[in-house]
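This is final_18.cif. It holds mmCIF, C-alpha atoms.
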```cif
data_upload
#
loop_
_atom_site.label_atom_id
_atom_site.label_comp_id
_atom_site.auth_asym_id
_atom_site.auth_seq_id
_atom_site.Cartn_x
_atom_site.Cartn_y
_atom_site.Cartn_z
CA MET A 49 62.52 117.53 182.67
CA THR A 50 61.66 116.41 179.18
CA ALA A 51 62.61 113.47 177.02
CA PRO A 52 65.10 114.03 174.20
CA ALA A 53 64.18 114.95 170.67
CA PRO A 54 63.04 112.35 168.11
CA VAL A 55 65.77 110.19 166.66
CA SER A 56 64.22 109.32 163.31
CA ARG A 57 62.21 110.92 160.53
CA ARG A 58 59.82 108.01 160.80
CA ARG A 59 57.98 108.15 164.07
CA ALA A 60 57.56 104.57 165.22
CA VAL A 61 55.07 102.70 167.30
CA VAL A 62 56.07 99.49 169.07
CA LEU A 63 53.44 96.94 169.96
CA LEU A 64 51.50 97.42 173.18
CA ALA A 65 49.17 94.69 174.34
CA ALA A 66 45.54 95.72 174.33
CA LEU A 67 43.16 95.38 177.27
CA ALA A 68 43.41 92.05 179.04
CA VAL A 69 39.77 91.26 178.35
CA LEU A 70 40.46 91.42 174.64
CA LEU A 71 44.02 90.29 173.99
CA VAL A 72 46.63 88.03 175.52
CA ALA A 73 49.09 89.71 177.90
CA LEU A 74 52.21 91.53 176.77
CA ALA A 75 55.09 89.24 175.80
CA VAL A 76 58.62 89.77 174.49
CA VAL A 77 58.43 93.19 172.86
CA GLY A 78 56.59 96.06 174.54
CA VAL A 79 55.15 98.89 172.53
CA VAL A 80 54.28 102.43 173.43
CA VAL A 81 54.19 105.21 170.85
CA ALA A 82 51.31 106.70 168.87
CA ARG A 83 50.29 109.48 166.52
CA ASP A 84 50.91 113.17 166.98
CA PRO A 85 47.80 115.18 167.94
CA GLY A 86 45.89 116.29 164.88
CA ASP A 87 46.87 113.40 162.58
CA ARG A 88 43.72 111.34 163.18
CA GLY A 89 41.00 111.18 165.79
CA SER A 90 38.59 113.81 166.97
CA THR A 91 40.90 115.64 169.38
CA ALA A 92 44.42 115.69 170.67
CA ALA A 93 45.06 112.79 173.02
CA ALA A 94 45.33 114.82 176.24
CA GLU A 95 42.38 117.16 175.70
CA TRP A 96 39.24 117.04 177.83
CA ASN A 97 36.67 119.59 178.94
CA GLY A 98 33.87 117.42 180.24
CA LEU A 99 32.83 114.20 181.92
CA VAL A 100 30.93 111.21 180.60
CA GLY A 101 28.72 108.56 182.15
CA VAL A 102 26.11 105.95 181.32
CA ASP A 103 22.41 105.54 181.97
CA PRO A 104 21.98 101.75 181.65
CA VAL A 105 18.21 101.86 181.97
CA ALA A 106 17.76 104.31 179.10
CA GLY A 107 20.75 102.99 177.13
CA GLU A 108 22.15 106.53 176.92
CA VAL A 109 25.58 108.11 177.10
CA VAL A 110 25.40 111.10 179.45
CA VAL A 111 27.68 114.10 178.86
CA TYR A 112 28.58 116.60 181.58
CA ASP A 113 30.62 119.81 181.66
CA ASP A 114 33.89 119.90 183.59
CA ALA A 115 32.05 120.83 186.78
CA GLY A 116 29.78 117.77 186.57
CA GLU A 117 26.62 119.48 185.30
CA GLU A 118 24.69 117.39 182.76
CA VAL A 119 24.63 119.00 179.29
CA ASP A 120 23.56 116.24 176.88
CA ARG A 121 22.25 112.71 176.46
CA VAL A 122 22.74 110.50 173.40
CA ALA A 123 20.88 107.22 172.84
CA ALA A 124 23.52 104.52 172.32
CA VAL A 125 22.65 100.82 172.82
CA ASP A 126 20.11 98.86 174.87
CA GLY A 127 21.60 97.09 177.85
CA LEU A 128 24.46 99.60 178.07
CA LEU A 129 27.10 98.42 180.55
CA ASN A 130 30.07 100.77 180.28
CA ALA A 131 31.61 103.64 178.35
CA THR A 132 35.26 104.44 177.60
CA THR A 133 36.58 107.51 175.82
CA ARG A 134 39.08 108.56 173.19
CA GLY A 135 39.11 112.32 172.75
CA SER A 136 35.52 113.26 171.92
CA LEU A 137 34.60 109.68 171.04
CA VAL A 138 32.79 107.47 173.57
CA LEU A 139 32.71 103.69 173.09
CA ALA A 140 29.45 102.46 174.65
CA ALA A 141 29.25 98.68 175.04
CA ALA A 142 26.56 96.16 175.92
CA ASP A 143 26.82 92.37 175.98
CA ASP A 144 26.21 91.91 172.27
CA ARG A 145 26.27 95.38 170.76
CA ALA A 146 28.44 98.50 170.81
CA ALA A 147 28.24 102.08 169.59
CA VAL A 148 30.62 105.02 169.32
CA VAL A 149 29.17 108.41 170.25
CA ASP A 150 30.83 111.69 169.28
CA ALA A 151 30.23 113.80 172.41
CA ALA A 152 31.20 117.00 170.57
CA GLU A 153 28.52 116.45 167.93
CA GLY A 154 25.98 114.65 170.11
CA GLU A 155 25.51 111.77 167.66
CA VAL A 156 26.30 108.11 167.09
CA VAL A 157 29.06 107.67 164.47
CA TRP A 158 29.25 103.86 164.53
CA GLU A 159 27.06 101.05 165.83
CA ASP A 160 26.94 97.30 165.29
CA ALA A 161 26.42 93.89 166.84
CA THR A 162 29.53 92.51 168.54
CA GLU A 163 30.71 88.98 169.21
CA GLY A 164 33.03 89.31 172.18
CA THR A 165 34.40 92.38 173.97
CA ALA A 166 34.75 95.79 172.32
CA ALA A 167 37.65 98.02 173.41
CA TRP A 168 39.78 100.87 172.10
CA LEU A 169 43.16 99.96 170.66
CA GLN A 170 45.60 100.75 173.48
CA GLY A 171 48.84 102.75 173.26
CA SER A 172 47.38 104.98 170.56
CA SER A 173 44.88 107.77 170.18
CA ALA A 174 43.72 106.49 166.77
CA PRO A 175 39.93 105.88 166.60
CA VAL A 176 40.28 102.11 166.24
CA VAL A 177 38.01 99.64 168.04
CA LEU A 178 38.98 95.99 168.53
CA VAL A 179 36.20 93.45 168.92
CA GLY A 180 36.92 89.83 169.71
CA ASP A 181 37.63 86.91 171.98
CA PRO A 182 41.16 86.15 173.23
CA SER A 183 40.49 82.42 172.76
CA GLY A 184 41.28 83.05 169.12
CA GLY A 185 40.31 83.33 165.53
CA ASP A 186 38.09 86.30 165.04
CA LEU A 187 39.51 89.64 166.12
CA ARG A 188 37.63 92.38 164.33
CA VAL A 189 39.28 95.73 163.54
CA VAL A 190 37.04 98.77 163.08
CA ASP A 191 38.25 102.25 162.18
CA VAL A 192 35.25 104.28 163.31
CA GLU A 193 36.35 107.35 161.32
CA GLY A 194 37.20 105.39 158.16
CA ASP A 195 35.99 102.53 156.01
CA THR A 196 38.03 99.65 157.47
CA ASP A 197 36.02 96.86 159.13
CA LEU A 198 37.61 93.42 158.87
CA ARG A 199 38.26 90.20 160.74
CA LEU A 200 41.91 89.22 161.02
CA GLY A 201 41.09 85.50 160.94
CA ASP A 202 39.73 85.96 157.41
CA VAL A 203 43.08 87.38 156.30
CA VAL A 204 44.86 84.14 157.25
CA ASP A 205 42.36 81.94 155.38
CA GLY A 206 39.85 81.99 158.21
CA ASP A 207 42.30 80.17 160.50
CA PRO A 208 40.49 79.74 163.86
CA SER A 209 43.82 79.25 165.62
CA PHE A 210 44.95 82.82 164.86
CA VAL A 211 45.18 84.41 168.31
CA PRO A 212 46.22 88.08 168.13
CA GLN A 213 48.82 88.63 170.83
CA ALA A 214 49.37 92.33 170.32
CA VAL A 215 48.03 95.04 168.04
CA ALA A 216 49.41 98.49 167.22
CA VAL A 217 48.80 101.36 164.83
CA SER A 218 51.35 103.60 163.12
CA PRO A 219 52.00 107.19 164.26
CA ASP A 220 49.88 108.62 161.45
CA GLY A 221 47.03 106.23 162.27
CA THR A 222 46.94 104.53 158.86
CA VAL A 223 48.73 101.19 159.34
CA LEU A 224 47.91 98.48 161.87
CA ALA A 225 49.79 95.27 162.64
CA ALA A 226 48.82 92.24 164.71
CA ARG A 227 50.97 89.26 165.58
CA ASP A 228 49.80 85.74 166.35
CA LEU A 229 50.42 84.11 169.72
CA ARG A 230 50.97 80.59 168.42
CA SER A 231 52.83 81.01 165.15
CA GLN A 232 55.32 83.22 163.33
CA THR A 233 52.56 85.03 161.47
CA SER A 234 51.42 88.65 161.47
CA VAL A 235 48.75 90.64 159.66
CA VAL A 236 49.41 94.14 158.31
CA VAL A 237 46.34 96.32 157.66
CA ASP A 238 46.27 99.51 155.60
CA LEU A 239 43.45 101.33 157.39
CA ALA A 240 43.11 103.88 154.60
CA SER A 241 42.36 101.28 151.92
CA GLY A 242 41.18 98.39 154.09
CA ASP A 243 43.73 96.07 152.47
CA ALA A 244 45.19 93.40 154.77
CA THR A 245 48.27 91.25 154.15
CA PRO A 246 49.54 88.20 156.09
CA VAL A 247 53.33 88.17 156.54
CA ASP A 248 55.82 85.71 157.99
CA GLY A 249 57.33 86.82 161.30
CA SER A 250 56.20 88.51 164.52
CA ALA A 251 55.43 92.20 164.06
CA ALA A 252 57.59 94.19 166.48
CA ALA A 253 57.36 97.83 165.34
CA VAL A 254 55.22 99.96 163.02
CA THR A 255 56.23 103.23 161.36
CA ASP A 256 54.30 105.51 159.00
CA ASP A 257 55.49 103.57 155.96
CA SER A 258 56.99 100.30 157.15
CA VAL A 259 56.59 97.38 159.54
CA VAL A 260 59.45 95.60 161.32
CA VAL A 261 58.91 91.87 161.86
CA VAL A 262 61.15 89.45 163.75
CA THR A 263 61.83 86.05 162.20
CA PRO A 264 63.77 83.16 163.84
CA GLU A 265 66.47 81.49 161.77
CA ASP A 266 67.59 77.84 161.71
CA ASP A 267 70.81 78.62 163.58
CA GLY A 268 68.93 79.86 166.66
CA GLU A 269 69.43 83.52 165.86
CA ALA A 270 66.84 85.98 164.53
CA THR A 271 66.53 88.70 161.93
CA ALA A 272 64.46 91.88 161.64
CA ARG A 273 62.77 92.37 158.28
CA PHE A 274 61.75 95.87 157.20
CA LEU A 275 58.52 95.62 155.17
CA GLY A 276 56.37 98.11 153.31
CA ARG A 277 52.71 98.41 154.22
CA ASP A 278 52.01 96.09 151.28
CA GLY A 279 54.21 93.38 152.83
CA ASP A 280 57.10 93.77 150.36
CA GLU A 281 60.51 93.33 151.98
CA ARG A 282 62.85 96.35 152.02
CA GLY A 283 65.82 94.94 153.90
CA VAL A 284 67.00 92.57 156.63
CA ALA A 285 69.00 93.30 159.81
CA PRO A 286 70.55 90.64 162.10
CA LEU A 287 69.34 90.56 165.72
CA GLY A 288 71.40 87.79 167.33
CA ARG A 289 70.05 85.16 169.74
CA GLY A 290 66.82 85.51 171.71
CA PRO A 291 65.85 89.14 171.00
CA ARG A 292 63.70 90.49 173.84
CA GLY A 293 62.99 93.95 172.50
CA LEU A 294 64.12 96.54 169.99
CA LEU A 295 64.26 100.30 169.44
CA VAL A 296 63.99 101.83 165.98
CA THR A 297 66.88 104.30 165.74
CA GLY A 298 66.82 105.18 162.03
CA ASP A 299 65.30 104.36 158.66
CA ASP A 300 67.02 100.95 158.59
CA SER A 301 68.71 100.62 162.00
CA LEU A 302 67.80 99.24 165.41
CA LEU A 303 68.99 98.88 168.99
CA VAL A 304 68.25 95.36 170.23
CA VAL A 305 68.30 93.55 173.59
CA ALA A 306 69.36 89.96 172.96
CA GLU A 307 71.06 87.02 174.69
CA GLY A 308 74.85 87.06 174.91
CA ASP A 309 77.23 84.37 176.12
CA ASP A 310 76.92 85.46 179.76
CA GLY A 311 73.49 87.08 179.86
CA PRO A 312 71.52 89.82 178.13
CA VAL A 313 73.38 92.31 175.95
CA VAL A 314 72.53 95.51 174.08
CA ALA A 315 73.60 95.70 170.43
CA ARG A 316 73.29 97.97 167.39
CA THR A 317 72.26 96.57 164.03
CA SER A 318 71.37 97.82 160.55
CA VAL A 319 70.10 96.45 157.26
CA GLY A 320 72.96 94.71 155.47
CA ASP A 321 75.10 94.06 158.58
CA ASP A 322 76.62 90.59 158.96
CA ALA A 323 76.02 90.57 162.72
CA PRO A 324 74.89 92.94 165.49
CA THR A 325 77.57 95.06 167.18
CA GLU A 326 77.47 94.59 170.95
CA VAL A 327 77.39 97.85 172.90
CA ARG A 328 77.16 96.70 176.51
CA ASP A 329 76.27 93.87 178.87
CA LEU A 330 73.14 94.21 180.97
CA ASP A 331 73.64 93.33 184.62
CA LEU A 332 70.07 92.14 185.08
CA ALA A 333 68.92 88.78 186.39
CA GLY A 334 65.83 87.29 184.79
CA ALA A 335 64.04 88.25 181.60
CA GLY A 336 61.34 90.85 182.13
CA PRO A 337 59.51 93.01 179.58
CA VAL A 338 61.17 95.60 177.38
CA LEU A 339 59.45 98.88 176.49
CA ALA A 340 60.57 101.00 173.54
CA PHE A 341 59.92 104.73 173.23
CA HIS A 342 61.07 105.48 169.69
CA GLU A 343 60.44 109.20 169.45
CA GLN A 344 62.12 109.78 172.78
CA GLY A 345 65.06 107.48 171.93
CA ARG A 346 64.63 105.42 175.08
CA LEU A 347 64.57 101.70 175.82
CA VAL A 348 63.43 100.43 179.24
CA VAL A 349 64.62 96.93 180.19
CA THR A 350 63.54 95.16 183.36
CA GLY A 351 64.71 92.01 185.15
CA ASP A 352 63.97 90.28 188.43
CA ASP A 353 66.05 92.72 190.46
CA GLY A 354 65.92 96.07 188.73
CA THR A 355 65.23 98.18 185.65
CA VAL A 356 67.66 99.93 183.30
CA LEU A 357 66.88 102.98 181.14
CA LEU A 358 68.97 103.13 177.93
CA ASP A 359 69.43 105.86 175.33
CA GLN A 360 69.36 105.38 171.55
CA ASP A 361 73.07 104.51 171.47
CA GLY A 362 72.72 101.84 174.17
CA GLY A 363 74.21 104.04 176.89
CA GLU A 364 72.86 103.66 180.42
CA VAL A 365 70.80 106.67 181.49
CA ALA A 366 69.68 105.24 184.83
CA ASP A 367 69.59 102.02 186.85
CA VAL A 368 66.59 101.97 189.20
CA GLU A 369 65.17 99.60 191.77
CA GLY A 370 61.97 97.73 190.97
CA THR A 371 60.36 96.07 187.99
CA LEU A 372 58.26 97.68 185.26
CA SER A 373 54.66 98.32 186.23
CA PRO A 374 52.04 97.66 183.54
CA VAL A 375 50.20 100.92 182.85
CA THR A 376 47.30 101.69 180.50
CA GLY A 377 46.93 105.18 179.06
CA VAL A 378 50.45 106.18 177.94
CA THR A 379 50.10 107.51 174.41
CA GLY A 380 52.88 107.94 171.92
CA SER A 381 54.87 111.11 171.56
CA ALA A 382 53.33 112.41 174.82
CA ALA A 383 55.17 109.76 176.88
CA ALA A 384 57.49 111.37 179.43
CA CYS A 385 57.54 108.87 182.32
CA PHE A 386 57.68 105.18 183.14
CA ALA A 387 56.64 103.41 186.35
CA VAL A 388 58.19 100.62 188.43
CA GLN A 389 56.93 98.64 191.41
CA THR A 390 59.15 98.01 194.42
CA ASP A 391 58.56 97.03 198.08
CA GLY A 392 54.86 97.95 198.17
CA GLU A 393 55.37 101.21 196.32
CA VAL A 394 54.98 102.49 192.78
CA VAL A 395 57.66 104.90 191.60
CA VAL A 396 57.39 107.12 188.52
CA HIS A 397 60.65 108.02 186.77
CA ASP A 398 61.42 110.67 184.17
CA LEU A 399 61.88 109.08 180.74
CA GLY A 400 64.56 111.56 179.74
CA SER A 401 66.81 111.51 182.82
CA GLY A 402 65.61 108.56 184.87
CA ASP A 403 65.09 110.84 187.88
CA GLU A 404 62.35 109.96 190.36
CA ARG A 405 59.27 112.15 189.94
CA VAL A 406 56.54 110.46 192.00
CA ARG A 407 56.55 107.84 194.78
CA ALA A 408 53.44 106.42 196.44
CA ALA A 409 52.40 103.43 198.52
CA GLN A 410 50.60 100.69 196.59
CA GLU A 411 48.93 98.44 199.13
CA GLN A 412 46.61 96.74 196.66
CA SER A 413 47.67 95.20 193.37
CA GLY A 414 45.62 95.82 190.26
CA PRO A 415 45.60 97.60 186.92
CA LEU A 416 47.02 101.12 186.76
CA TRP A 417 45.72 103.94 184.51
CA SER A 418 47.78 106.99 183.68
CA SER A 419 47.71 110.34 181.99
CA VAL A 420 48.90 110.21 178.38
CA ASP A 421 52.42 111.21 179.47
CA GLY A 422 52.53 108.41 182.05
CA CYS A 423 53.43 110.79 184.89
CA THR A 424 50.18 110.68 186.90
CA LEU A 425 48.83 107.30 188.02
CA GLY A 426 45.55 105.98 189.34
CA GLY A 427 44.24 102.55 190.22
CA PRO A 428 42.82 100.51 193.12
CA GLY A 429 43.68 102.45 196.30
CA LEU A 430 46.15 104.66 194.39
CA LEU A 431 46.17 108.24 193.12
CA ALA A 432 49.59 109.84 192.65
CA GLY A 433 50.97 112.82 190.73
CA GLU A 434 53.81 115.35 190.98
CA ASP A 435 51.70 118.13 192.50
CA ARG A 436 49.39 115.98 194.57
CA SER A 437 48.95 112.43 195.85
CA VAL A 438 45.77 111.33 197.60
CA GLU A 439 45.53 108.51 200.12
CA LEU A 440 42.60 106.31 199.07
CA ASP A 441 40.72 103.50 200.74
CA PRO A 442 41.57 100.10 199.20
CA SER A 443 37.95 99.87 198.01
CA GLN A 444 38.32 103.05 195.95
CA VAL A 445 39.58 103.24 192.37
CA ALA A 446 41.02 106.36 190.70
CA VAL A 447 40.84 107.07 186.97
CA VAL A 448 43.20 109.81 185.80
CA ALA A 449 42.29 112.49 183.23
CA PRO A 450 44.29 112.35 179.98
CA ASP A 451 46.32 115.44 180.88
CA GLY A 452 46.79 114.40 184.52
CA ALA A 453 45.16 117.60 185.80
CA ALA A 454 42.25 115.79 187.45
CA ALA A 455 41.12 112.36 188.56
CA LEU A 456 37.82 110.61 189.19
CA VAL A 457 37.63 108.56 192.39
CA ARG A 458 34.91 105.91 192.62
CA GLY A 459 33.92 103.57 195.45
CA GLY A 460 32.76 104.05 199.03
CA GLY A 461 30.22 106.74 198.14
CA PRO A 462 29.41 109.19 195.35
CA PRO A 463 32.19 109.65 192.77
CA GLU A 464 34.51 112.58 193.48
CA LEU A 465 36.40 114.80 191.06
CA VAL A 466 39.89 115.60 192.37
CA ASP A 467 41.96 118.57 191.17
CA MET A 468 45.49 117.14 190.83
CA THR A 469 47.05 120.59 190.29
CA ALA A 470 45.94 122.07 193.62
CA PRO A 471 47.10 120.12 196.70
CA ASP A 472 44.64 121.81 199.06
CA ALA A 473 41.55 121.79 196.83
CA GLU A 474 38.58 119.84 198.19
CA PRO A 475 37.21 117.03 195.99
CA ALA A 476 33.87 117.77 194.34
CA GLU A 477 31.07 115.20 194.29
CA VAL A 478 29.69 114.36 190.83
CA ASP A 479 26.80 112.28 189.53
CA ARG A 480 27.00 108.56 190.28
CA ALA A 481 26.77 107.80 186.57
CA VAL A 482 30.08 109.53 185.77
CA THR A 483 32.79 107.11 184.63
CA GLY A 484 35.46 109.19 182.87
CA PHE A 485 36.66 112.24 180.95
CA VAL A 486 35.76 113.44 177.45
CA ALA A 487 36.42 116.28 175.00
CA ARG A 488 32.99 117.62 174.16
#
```
Mind turning the file's structure into structure tokens?
Amino acid sequence: MTAPAPVSRRRAVVLLAALAVLLVALAVVGVVVARDPGDRGSTAAAEWNGLVGVDPVAGEVVVYDDAGEEVDRVAAVDGLLNATTRGSLVLAAADDRAAVVDAAEGEVVWEDATEGTAAWLQGSSAPVVLVGDPSGGDLRVVDVEGDTDLRLGDVVDGDPSFVPQAVAVSPDGTVLAARDLRSQTSVVVDLASGDATPVDGSAAAVTDDSVVVVTPEDDGEATARFLGRDGDERGVAPLGRGPRGLLVTGDDSLLVVAEGDDGPVVARTSVGDDAPTEVRDLDLAGAGPVLAFHEQGRLVVTGDDGTVLLDQDGGEVADVEGTLSPVTGVTGSAAACFAVQTDGEVVVHDLGSGDERVRAAQEQSGPLWSSVDGCTLGGPGLLAGEDRSVELDPSQVAVVAPDGAAALVRGGGPPELVDMTAPDAEPAEVDRAVTGFVAR
């Protein structure tokens, strides 16, 4: 089953917290949509035809074919510790230096000293590296295929208290927004020009030509301001009290989850409205995260006792047991699934219908990685997909290929490459240096 067609001419991205080592954890508004393949970046998000690893002694990125045979080595940085991929690009990081290697070309395309941790911007396939320390002040944004290289703290007058809570890039990969943890301040960056603008309010969604920021009002309610990439205001929509998340449903309209008189409610709102129009009550206890999938016209709301999948009109598509499971790897318009955790299991549901697609035991808690569509999951002691699930030892960790067709299992011996499309296929041992998948 597939998710429904896009609901707006402007494909939106809602903010997704970056890796925990770099940014503070996800808060009120979740974000999950990125560019279409071919807009920016070296390859489409799901493509891979090789493996990648590191040689820490030589400081080299090692490239393998899809069978695990070594085909190339590229000198990266001394003291190399790890490598993560984005299409054909490999981010190789040491303690105080990082480089990006293009595995397809066999060359370094960016290299520099780093203060803090370097990581790819999550929830997107744009070639954007974030460098910084979550304690605040100096998050650096680098577009490795463009000219943008700036520190967000400098944009807000060098304020050392600026702590980026979440960062996202627009579908076309040209606009980035970051919101501050401690204040109602955001920074909007035009990656094409390198211009950066501080704006009042917490950035909640980014489209190809506008940014939506949420601003609290004196009466306890909040508004959504539609801004251009230059920070100029285009219109204001009311959100009600305590907005927890929003879905962009049109050029100037939103679906919002807010607080009603007797609990959370879903409402529609547009620029120029006097107040939001309530659509339904949400029978959910507690206030969990909200994830918006704008292209698919879906809003996922979780509480202490369950999760509800809503369509673009606020109608209930499905009510499922469990709470949202944090997953890294879901990328934009490819998203077709979401995951929940319940009673020692992780369950993957179809984003279009809410139907269950995958169920697997999860004996050990920890971060989960997925294919770009979110339908195949891997993590500590877990590897689960529609065609195949593999029982792993708790000491093993599975990393899923972008398209979900394979997985790399590490721990307890040599790494193994697992074919997720063939239930009876035997895993193949690969070099111990292999850490992930790459388009070469």
Q) Do you know which residues the PyMOL selection byres ((chain A and resi 167) around 10) returns on this file, as a ChimeraX atom specification? A) /A:66-67,69-70,131-133,139-141,146,164-166,168-170,176-180
Q.
Neighbouring residues of Glu364 (chain A) were defined as those with any atom within 12 Å, considering all atoms listed in the file; residues of the same chain fewer than 5 positions away were excluded. Please report them as a PyMOL selection string.
A. chain A and resi 314+327-331+346-349+355-359+400-402
Q | Hits of the PyMOL selection byres ((chain A and resi 143) around 8) in this structure, as a list of chain:residue names | A | A:Gly127, A:Leu128, A:Leu129, A:Ala141, A:Ala142, A:Asp144, A:Arg145, A:Thr162, A:Gly164, A:Thr165
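The space separating CA of Asp114 (chain A) from CA of Ser381 (chain A) comes to 25.7 Å.
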Write out as a PDB file with C-alpha atoms, in the coordinates of the input the residues lying within 10 Å of Val119 (chain A), counting all atoms listed in the file and excluding same-chain residues fewer than 6 positions away.
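selection.pdb, written as the output of this step:
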```pdb
ATOM      1  CA  GLY A  98      33.870 117.420 180.240  1.00  0.00           C
ATOM      2  CA  LEU A  99      32.830 114.200 181.920  1.00  0.00           C
ATOM      3  CA  VAL A 110      25.400 111.100 179.450  1.00  0.00           C
ATOM      4  CA  VAL A 111      27.680 114.100 178.860  1.00  0.00           C
ATOM      5  CA  TYR A 112      28.580 116.600 181.580  1.00  0.00           C
ATOM      6  CA  ASP A 113      30.620 119.810 181.660  1.00  0.00           C
ATOM      7  CA  ARG A 488      32.990 117.620 174.160  1.00  0.00           C
TER       8      ARG A 488
END
```
Q | Selection result of the PyMOL selection byres ((chain A and resi 437-453) around 6) on this file, as a PyMOL selection string | A | chain A and resi 94+418-420+424+426-429+431-433+436+454-459+468-469
Q | Polymer residues at most 10 Å from Val192 (chain A), only C-alpha atoms, same-chain spacing of 6 or more positions, as a list in words | A | Gly89, Leu137, Ala147, Val148, Val157, Trp158, Glu159, Ala174, Pro175, Val176 and Val177 of chain A
Q: Just the residues within 10 Å of Leu287 (chain A), please, counting all atoms listed in the file, with nothing from its chain fewer than 2 positions along; format it as a PyMOL selection string.
A: chain A and resi 262-264+269-272+284-285+289-294+302-307+315-318+321-325
How about saving the chosen residues, C-alpha atoms kept, as a PDB file, in the coordinates of the input?
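Saved file again.pdb follows:
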```pdb
ATOM      1  CA  VAL A 262      61.150  89.450 163.750  1.00  0.00           C
ATOM      2  CA  THR A 263      61.830  86.050 162.200  1.00  0.00           C
ATOM      3  CA  PRO A 264      63.770  83.160 163.840  1.00  0.00           C
ATOM      4  CA  GLU A 269      69.430  83.520 165.860  1.00  0.00           C
ATOM      5  CA  ALA A 270      66.840  85.980 164.530  1.00  0.00           C
ATOM      6  CA  THR A 271      66.530  88.700 161.930  1.00  0.00           C
ATOM      7  CA  ALA A 272      64.460  91.880 161.640  1.00  0.00           C
ATOM      8  CA  VAL A 284      67.000  92.570 156.630  1.00  0.00           C
ATOM      9  CA  ALA A 285      69.000  93.300 159.810  1.00  0.00           C
ATOM     10  CA  ARG A 289      70.050  85.160 169.740  1.00  0.00           C
ATOM     11  CA  GLY A 290      66.820  85.510 171.710  1.00  0.00           C
ATOM     12  CA  PRO A 291      65.850  89.140 171.000  1.00  0.00           C
ATOM     13  CA  ARG A 292      63.700  90.490 173.840  1.00  0.00           C
ATOM     14  CA  GLY A 293      62.990  93.950 172.500  1.00  0.00           C
ATOM     15  CA  LEU A 294      64.120  96.540 169.990  1.00  0.00           C
ATOM     16  CA  LEU A 302      67.800  99.240 165.410  1.00  0.00           C
ATOM     17  CA  LEU A 303      68.990  98.880 168.990  1.00  0.00           C
ATOM     18  CA  VAL A 304      68.250  95.360 170.230  1.00  0.00           C
ATOM     19  CA  VAL A 305      68.300  93.550 173.590  1.00  0.00           C
ATOM     20  CA  ALA A 306      69.360  89.960 172.960  1.00  0.00           C
ATOM     21  CA  GLU A 307      71.060  87.020 174.690  1.00  0.00           C
ATOM     22  CA  ALA A 315      73.600  95.700 170.430  1.00  0.00           C
ATOM     23  CA  ARG A 316      73.290  97.970 167.390  1.00  0.00           C
ATOM     24  CA  THR A 317      72.260  96.570 164.030  1.00  0.00           C
ATOM     25  CA  SER A 318      71.370  97.820 160.550  1.00  0.00           C
ATOM     26  CA  ASP A 321      75.100  94.060 158.580  1.00  0.00           C
ATOM     27  CA  ASP A 322      76.620  90.590 158.960  1.00  0.00           C
ATOM     28  CA  ALA A 323      76.020  90.570 162.720  1.00  0.00           C
ATOM     29  CA  PRO A 324      74.890  92.940 165.490  1.00  0.00           C
ATOM     30  CA  THR A 325      77.570  95.060 167.180  1.00  0.00           C
TER      31      THR A 325
END
```
Q: For CA of Thr350 (chain A) and CA of Asp398 (chain A), determine how far apart the two atoms are, in Å to one decimal place.
A: 15.7 Å
Q: Select, counting all atoms listed in the file, all protein, DNA and RNA residues no farther than 6 Å from (46.4, 96.3, 164.3) in file coordinates, and express the selection as a ChimeraX atom specification.
A: /A:215-217,224-226
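Atom to atom, CA of Pro212 (chain A) and CA of Asp238 (chain A) stand 17.0 Å apart.
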Q: Do a neighbour search on Leu198 (chain A) at 10 Å with all atoms listed in the file, toss out local chain neighbours closer than 3 positions, and write the hits as a VMD selection string.
A: chain A and resid 186 to 191 195 201 to 203 237 239 242 to 244
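Residue nearest Gly279 (chain A), chosen from A:Gly308, A:Pro463, A:Gly336, A:Pro246 and counting only C-alpha atoms: A:Pro246.
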Q. Between A:Val378, A:Ala240, A:Val125, A:Val296, which is the closest to Asp197 (chain A) once you count all atoms listed in the file?
A.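 Among A:Val378, A:Ala240, A:Val125, A:Val296, it is A:Ala240 that comes nearest to Asp197 (chain A).
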(Q) Could you check the closest approach to Val395 (chain A) for each of A:Gly320, A:Gly154, A:Gly370, A:Gly334 and tell me which residue wins, using only C-alpha atoms? (A)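 Answer, going by the shortest atom-to-atom distance: A:Gly370.
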